[in-house]
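What follows is target-v5.cif (mmCIF, C-alpha atoms).
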```
data_model
#
loop_
_atom_site.label_atom_id
_atom_site.label_comp_id
_atom_site.auth_asym_id
_atom_site.auth_seq_id
_atom_site.Cartn_x
_atom_site.Cartn_y
_atom_site.Cartn_z
CA MET A 13 -60.02 -6.43 -8.48
CA MET A 14 -58.36 -4.62 -11.34
CA THR A 15 -56.92 -6.69 -14.17
CA PRO A 16 -53.90 -5.39 -16.08
CA CYS A 17 -54.18 -4.76 -19.78
CA PRO A 18 -52.64 -7.50 -21.96
CA PHE A 19 -49.50 -5.57 -22.81
CA ALA A 20 -48.77 -4.74 -19.17
CA PHE A 21 -49.49 -8.31 -18.18
CA ARG A 22 -47.07 -9.69 -20.80
CA LEU A 23 -44.39 -7.25 -19.72
CA LEU A 24 -44.80 -8.09 -16.04
CA ASP A 25 -44.95 -11.80 -16.78
CA ARG A 26 -41.78 -11.65 -18.84
CA ASN A 27 -39.97 -9.75 -16.09
CA VAL A 28 -41.11 -12.22 -13.43
CA LYS A 29 -39.95 -15.19 -15.54
CA LYS A 30 -36.66 -13.47 -16.31
CA SER A 31 -35.98 -12.74 -12.66
CA GLY A 32 -36.98 -16.26 -11.64
CA ASN A 33 -34.82 -17.95 -14.27
CA SER A 34 -31.66 -16.01 -13.72
CA GLU A 35 -31.13 -15.60 -10.02
CA LEU A 36 -27.41 -16.13 -10.47
CA ASP A 37 -27.22 -13.37 -13.10
CA GLU A 38 -28.96 -11.02 -10.71
CA VAL A 39 -26.43 -11.76 -8.00
CA ASN A 40 -23.62 -11.09 -10.46
CA GLU A 41 -25.27 -7.86 -11.55
CA SER A 42 -25.59 -6.66 -7.97
CA ASP A 43 -21.96 -7.61 -7.35
CA GLU A 44 -20.98 -5.65 -10.43
CA ALA A 45 -22.92 -2.62 -9.17
CA LEU A 46 -21.20 -2.89 -5.80
CA ILE A 47 -17.79 -3.11 -7.47
CA ILE A 48 -18.53 -0.01 -9.56
CA GLU A 49 -19.73 1.84 -6.47
CA ALA A 50 -16.63 0.81 -4.53
CA ARG A 51 -14.42 1.82 -7.45
CA ASP A 52 -16.08 5.26 -7.61
CA ARG A 53 -15.63 5.65 -3.87
CA TYR A 54 -11.96 4.68 -4.12
CA ILE A 55 -11.28 7.13 -6.95
CA MET A 56 -13.13 9.97 -5.23
CA THR A 57 -11.10 9.35 -2.06
CA LEU A 58 -7.95 9.39 -4.19
CA LYS A 59 -8.97 12.73 -5.70
CA VAL A 60 -9.66 14.22 -2.28
CA PHE A 61 -6.30 12.98 -1.05
CA LEU A 62 -4.56 14.45 -4.11
CA SER A 63 -6.19 17.82 -3.49
CA THR A 64 -4.50 17.91 -0.09
CA ARG A 65 -1.07 17.28 -1.66
CA ILE A 66 -0.98 20.22 -4.05
CA ARG A 67 1.77 22.74 -3.37
CA ASN A 68 0.59 26.30 -2.92
CA MET B 9 5.02 17.50 3.47
CA ASN B 10 6.09 15.96 0.22
CA GLN B 11 3.64 18.03 -1.79
CA CYS B 12 3.30 17.93 -5.55
CA ASN B 13 3.43 20.53 -8.32
CA PRO B 14 0.21 21.89 -9.84
CA ASP B 15 1.01 20.17 -13.17
CA THR B 16 1.42 16.87 -11.36
CA TYR B 17 -1.89 17.38 -9.62
CA ILE B 18 -3.64 18.12 -12.92
CA LEU B 19 -2.25 14.98 -14.56
CA LEU B 20 -3.14 12.78 -11.58
CA VAL B 21 -6.67 14.18 -11.37
CA GLU B 22 -7.07 13.64 -15.12
CA SER B 23 -6.03 10.02 -14.67
CA SER B 24 -8.57 9.66 -11.84
CA ASN B 25 -11.25 11.15 -14.09
CA TRP B 26 -10.27 8.66 -16.76
CA ASP B 27 -10.88 5.87 -14.25
CA LEU B 28 -14.18 7.43 -13.19
CA ASP B 29 -15.35 7.58 -16.81
CA ASN B 30 -14.52 3.89 -17.24
CA ASP B 31 -15.74 2.69 -13.85
CA ALA B 32 -17.25 -0.46 -15.35
CA TYR B 33 -13.71 -1.68 -16.10
CA PRO B 34 -10.79 -2.31 -13.73
CA MET B 35 -8.77 0.78 -12.78
CA ASN B 36 -5.94 1.47 -15.21
CA SER B 37 -4.85 5.00 -14.40
CA TRP B 38 -1.19 4.01 -14.69
CA ASP B 39 -1.68 3.24 -18.40
CA TYR B 40 -3.08 6.73 -18.86
CA ILE B 41 -0.23 8.36 -16.94
CA SER B 42 2.51 6.32 -18.57
CA THR B 43 1.52 7.55 -22.04
CA TYR B 44 2.99 10.90 -20.95
CA PHE B 45 6.34 9.33 -20.08
CA PHE B 46 6.99 6.82 -22.81
CA ASN B 47 7.81 9.50 -25.34
CA ASP B 48 11.35 8.37 -26.10
CA TYR B 49 11.69 10.67 -29.08
CA TYR B 50 11.62 13.78 -26.88
CA MET B 51 14.22 12.41 -24.46
CA LYS B 52 16.44 11.18 -27.29
CA THR B 53 16.36 14.62 -28.91
CA LEU B 54 17.25 16.30 -25.62
CA ASN B 55 20.08 13.81 -25.01
CA TYR B 56 21.43 14.58 -28.46
CA LEU B 57 21.15 18.34 -27.95
CA LYS B 58 22.90 18.06 -24.59
CA PHE B 59 26.29 17.95 -26.33
CA VAL B 60 25.62 20.81 -28.75
CA PRO B 61 27.59 23.88 -27.53
CA VAL B 62 24.99 26.64 -27.38
CA VAL B 63 21.73 24.81 -26.69
CA GLY B 64 23.39 22.17 -24.47
CA ASN B 65 22.57 23.94 -21.23
CA PHE B 66 18.95 24.44 -22.23
CA ALA B 67 18.69 20.75 -23.14
CA LYS B 68 20.17 19.72 -19.78
CA GLY B 69 17.66 21.97 -18.02
CA ALA B 70 14.81 20.49 -20.05
CA ILE B 71 15.92 16.93 -19.21
CA PHE B 72 16.03 17.78 -15.53
CA LYS B 73 12.63 19.47 -15.69
CA GLN B 74 11.05 16.55 -17.52
CA LEU B 75 12.52 13.95 -15.14
CA SER B 76 11.60 15.91 -12.05
CA PHE B 77 8.04 16.11 -13.35
CA VAL B 78 8.01 12.36 -13.98
CA TYR B 79 9.48 11.68 -10.54
CA ASP B 80 6.97 13.97 -8.88
CA VAL B 81 4.04 12.30 -10.66
CA VAL B 82 5.16 8.76 -9.90
CA SER B 83 6.07 9.41 -6.26
CA THR B 84 2.80 11.26 -5.58
CA TYR B 85 0.85 8.53 -7.37
CA LEU B 86 2.50 5.88 -5.18
CA ILE B 87 1.89 7.80 -1.94
CA ALA B 88 -1.74 8.52 -2.85
CA HIS B 89 -2.48 4.88 -3.66
CA GLU B 90 -0.76 3.66 -0.51
CA LYS B 91 -2.80 6.05 1.64
CA VAL B 92 -6.12 5.24 -0.03
CA GLU B 93 -5.40 1.50 0.15
CA ALA B 94 -5.05 1.93 3.89
CA MET B 95 -8.40 3.75 3.97
CA VAL B 96 -10.29 1.12 1.94
CA SER B 97 -10.85 -1.02 5.04
CA SER B 98 -13.06 1.74 6.47
CA PHE B 99 -15.33 1.80 3.38
CA PRO B 100 -18.78 0.31 3.99
CA ILE B 101 -18.32 -2.43 1.36
CA PRO B 102 -18.20 -6.24 1.56
CA GLU B 103 -14.81 -7.80 2.13
CA GLU B 104 -14.60 -9.62 -1.21
CA ILE B 105 -15.19 -6.35 -3.08
CA MET B 106 -12.63 -4.65 -0.89
CA LEU B 107 -10.11 -7.30 -1.95
CA ILE B 108 -10.93 -6.69 -5.61
CA MET B 109 -10.32 -2.95 -5.12
CA LEU B 110 -7.05 -3.59 -3.33
CA LYS B 111 -5.89 -5.94 -6.08
CA GLU B 112 -6.65 -3.40 -8.82
CA SER B 113 -4.91 -0.63 -6.91
CA GLU B 114 -1.92 -2.82 -6.14
CA GLU B 115 -1.49 -3.72 -9.81
CA ASN B 116 -1.35 -0.04 -10.76
CA ARG B 117 0.94 0.77 -7.87
CA LYS B 118 3.34 -2.05 -8.69
CA MET B 119 3.65 -0.89 -12.29
CA ALA B 120 4.45 2.64 -11.08
CA GLU B 121 6.94 1.30 -8.54
CA ASP B 122 8.55 -0.82 -11.21
CA TYR B 123 8.93 2.24 -13.46
CA LEU B 124 10.50 4.24 -10.65
CA THR B 125 12.96 1.61 -9.45
CA ASN B 126 13.81 -0.16 -12.70
CA TYR B 127 13.82 2.72 -15.14
CA LEU B 128 14.22 6.14 -13.53
CA SER B 129 16.64 5.22 -10.76
CA VAL B 130 18.71 3.00 -13.06
CA SER B 131 18.80 5.20 -16.17
CA PHE B 132 19.23 8.57 -14.44
CA PRO B 133 20.70 7.88 -10.98
CA GLU B 134 22.31 11.34 -10.49
CA ILE B 135 19.21 13.22 -11.55
CA THR B 136 16.98 11.04 -9.37
CA LYS B 137 19.23 11.67 -6.38
CA SER B 138 19.28 15.42 -6.93
CA ILE B 139 15.47 15.48 -7.30
CA GLN B 140 15.17 13.53 -4.03
CA ASN B 141 17.50 16.04 -2.36
CA LEU B 142 15.47 18.97 -3.67
CA LYS B 143 12.21 17.44 -2.47
CA ALA B 144 13.69 16.72 0.95
CA ALA B 145 15.04 20.28 1.19
CA TYR B 146 11.66 21.67 0.21
CA SER B 147 9.91 19.50 2.82
CA ILE B 148 12.29 20.71 5.55
CA LEU B 149 11.80 24.34 4.52
CA THR B 150 8.01 23.94 4.51
CA ARG B 151 8.18 22.36 7.95
CA GLN B 152 10.37 25.19 9.24
CA LYS B 153 8.02 27.74 7.75
CA ARG B 154 5.05 26.13 9.51
CA ILE B 155 6.88 26.04 12.85
CA ALA B 156 7.91 29.69 12.43
CA TYR B 157 4.32 30.59 11.62
CA ILE B 158 3.03 28.80 14.74
CA ILE B 159 5.65 30.51 16.91
CA ASN B 160 4.79 33.91 15.41
CA MET B 161 1.10 33.35 15.96
CA SER B 162 1.60 32.26 19.57
CA PHE B 163 3.85 35.24 20.38
CA LEU B 164 1.90 37.83 18.42
CA PRO B 165 -0.63 38.61 21.19
CA ILE B 166 2.24 39.02 23.67
CA ILE B 167 4.16 41.32 21.33
CA LYS B 168 1.04 43.43 20.70
CA TYR B 169 0.49 44.25 24.35
#
```
Just dump the structure as structure tokens.
Amino acid sequence: MMTPCPFAFRLLDRNVKKSGNSELDEVNESDEALIIEARDRYIMTLKVFLSTRIRN
Amino acid sequence: MNQCNPDTYILLVESSNWDLDNDAYPMNSWDYISTYFFNDYYMKTLNYLKFVPVVGNFAKGAIFKQLSFVYDVVSTYLIAHEKVEAMVSSFPIPEEIMLIMLKESEENRKMAEDYLTNYLSVSFPEITKSIQNLKAAYSILTRQKRIAYIINMSFLPIIKY
């Protein structure tokens, strides 16, 4: 079995602890990402709609 | 129907781009748009020049042009938001996020509506009415043109032979 080098191990360990300690933060972050995605979708739809309203 | 001018389109797309650039924050496109309207100095100057003998007519024309632009922007902005709000329910997003989107959009829309009903229609009632008449006339003409085009296209093969 391969063992990770100390630096990689520390990095992985820190990430695992971080993710374990802040589950709530993660949920909020994913919510935030969803909101941003929804906002982008809304604005792009608005732009498409506006392009159909322009007078030739 | 009820189409907008190219300048209006450019301003509205710029405001949408502004929102896209700041997508981590709530939508505030109305703030961006309103900075174009709240230039009282320009309107005050035109109102003053309106009574000057030679340039009066030009000033009146400029006031009408400015207000029709403002009216066009606000009315198109309102229609666009109303339509997209109706489409939000078909987006593949969770309901709570959909509600957040609707709230943000509604806030912007209400500010625009407030500007239209409490400022434009109250301060310049005659100009607002004449702009509405012009827009309605244009819509009817466009509709007529489309019907005429359809009739022409349907009779064209018959006329040919």
Target residues per the PyMOL selection byres ((chain B) within 7 of (chain A)), formatted as a ChimeraX atom specification: /B:11-14,17,21,24,28,31-32,88,92,101,105,109
Minimum-distance residue to Thr136 of chain B, chosen among B:Asn30, B:Asn36, B:Asn25, B:Gln74 (using all atoms listed in the file): B:Gln74
Result set of the PyMOL selection byres ((chain B and resi 68) around 12) on the coordinates above, as number ranges by chain: B: 51-67, 69-75, 135
On this structure, the PyMOL selection byres ((chain B and resi 115) around 12) would catch which residues? List them as a PDB file with C-alpha atoms, in the coordinates of the input, sorted by chain and number.
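Generated file (out.pdb):
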```pdb
ATOM      1  CA  PRO B  34     -10.790  -2.310 -13.730  1.00  0.00           C
ATOM      2  CA  MET B  35      -8.770   0.780 -12.780  1.00  0.00           C
ATOM      3  CA  ASN B  36      -5.940   1.470 -15.210  1.00  0.00           C
ATOM      4  CA  SER B  37      -4.850   5.000 -14.400  1.00  0.00           C
ATOM      5  CA  TRP B  38      -1.190   4.010 -14.690  1.00  0.00           C
ATOM      6  CA  ASP B  39      -1.680   3.240 -18.400  1.00  0.00           C
ATOM      7  CA  LEU B  86       2.500   5.880  -5.180  1.00  0.00           C
ATOM      8  CA  HIS B  89      -2.480   4.880  -3.660  1.00  0.00           C
ATOM      9  CA  GLU B  90      -0.760   3.660  -0.510  1.00  0.00           C
ATOM     10  CA  GLU B  93      -5.400   1.500   0.150  1.00  0.00           C
ATOM     11  CA  ILE B 108     -10.930  -6.690  -5.610  1.00  0.00           C
ATOM     12  CA  MET B 109     -10.320  -2.950  -5.120  1.00  0.00           C
ATOM     13  CA  LEU B 110      -7.050  -3.590  -3.330  1.00  0.00           C
ATOM     14  CA  LYS B 111      -5.890  -5.940  -6.080  1.00  0.00           C
ATOM     15  CA  GLU B 112      -6.650  -3.400  -8.820  1.00  0.00           C
ATOM     16  CA  SER B 113      -4.910  -0.630  -6.910  1.00  0.00           C
ATOM     17  CA  GLU B 114      -1.920  -2.820  -6.140  1.00  0.00           C
ATOM     18  CA  ASN B 116      -1.350  -0.040 -10.760  1.00  0.00           C
ATOM     19  CA  ARG B 117       0.940   0.770  -7.870  1.00  0.00           C
ATOM     20  CA  LYS B 118       3.340  -2.050  -8.690  1.00  0.00           C
ATOM     21  CA  MET B 119       3.650  -0.890 -12.290  1.00  0.00           C
ATOM     22  CA  ALA B 120       4.450   2.640 -11.080  1.00  0.00           C
ATOM     23  CA  GLU B 121       6.940   1.300  -8.540  1.00  0.00           C
ATOM     24  CA  ASP B 122       8.550  -0.820 -11.210  1.00  0.00           C
TER      25      ASP B 122
END
```
Atomic distance atom CA of Ile139 of chain B - atom CA of Ser83 of chain B, expressed in Å with one decimal: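 Here the two named atoms are 11.2 Å from each other.
Take the candidates B:Ser76, B:Ile158, B:Val81, B:Leu149 and check each one against Glu134 of chain B using all atoms listed in the file; the shortest distance goes to B:Ser76.
What separates atom CA of Thr125 of chain B from atom CA of Thr150 of chain B is a distance of 26.8 Å.
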Two-atom distance - atom CA of Phe132 of chain B, atom CA of Ile148 of chain B (Å):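 Atom-to-atom, atom CA of Phe132 of chain B and atom CA of Ile148 of chain B are spaced 24.4 Å apart.
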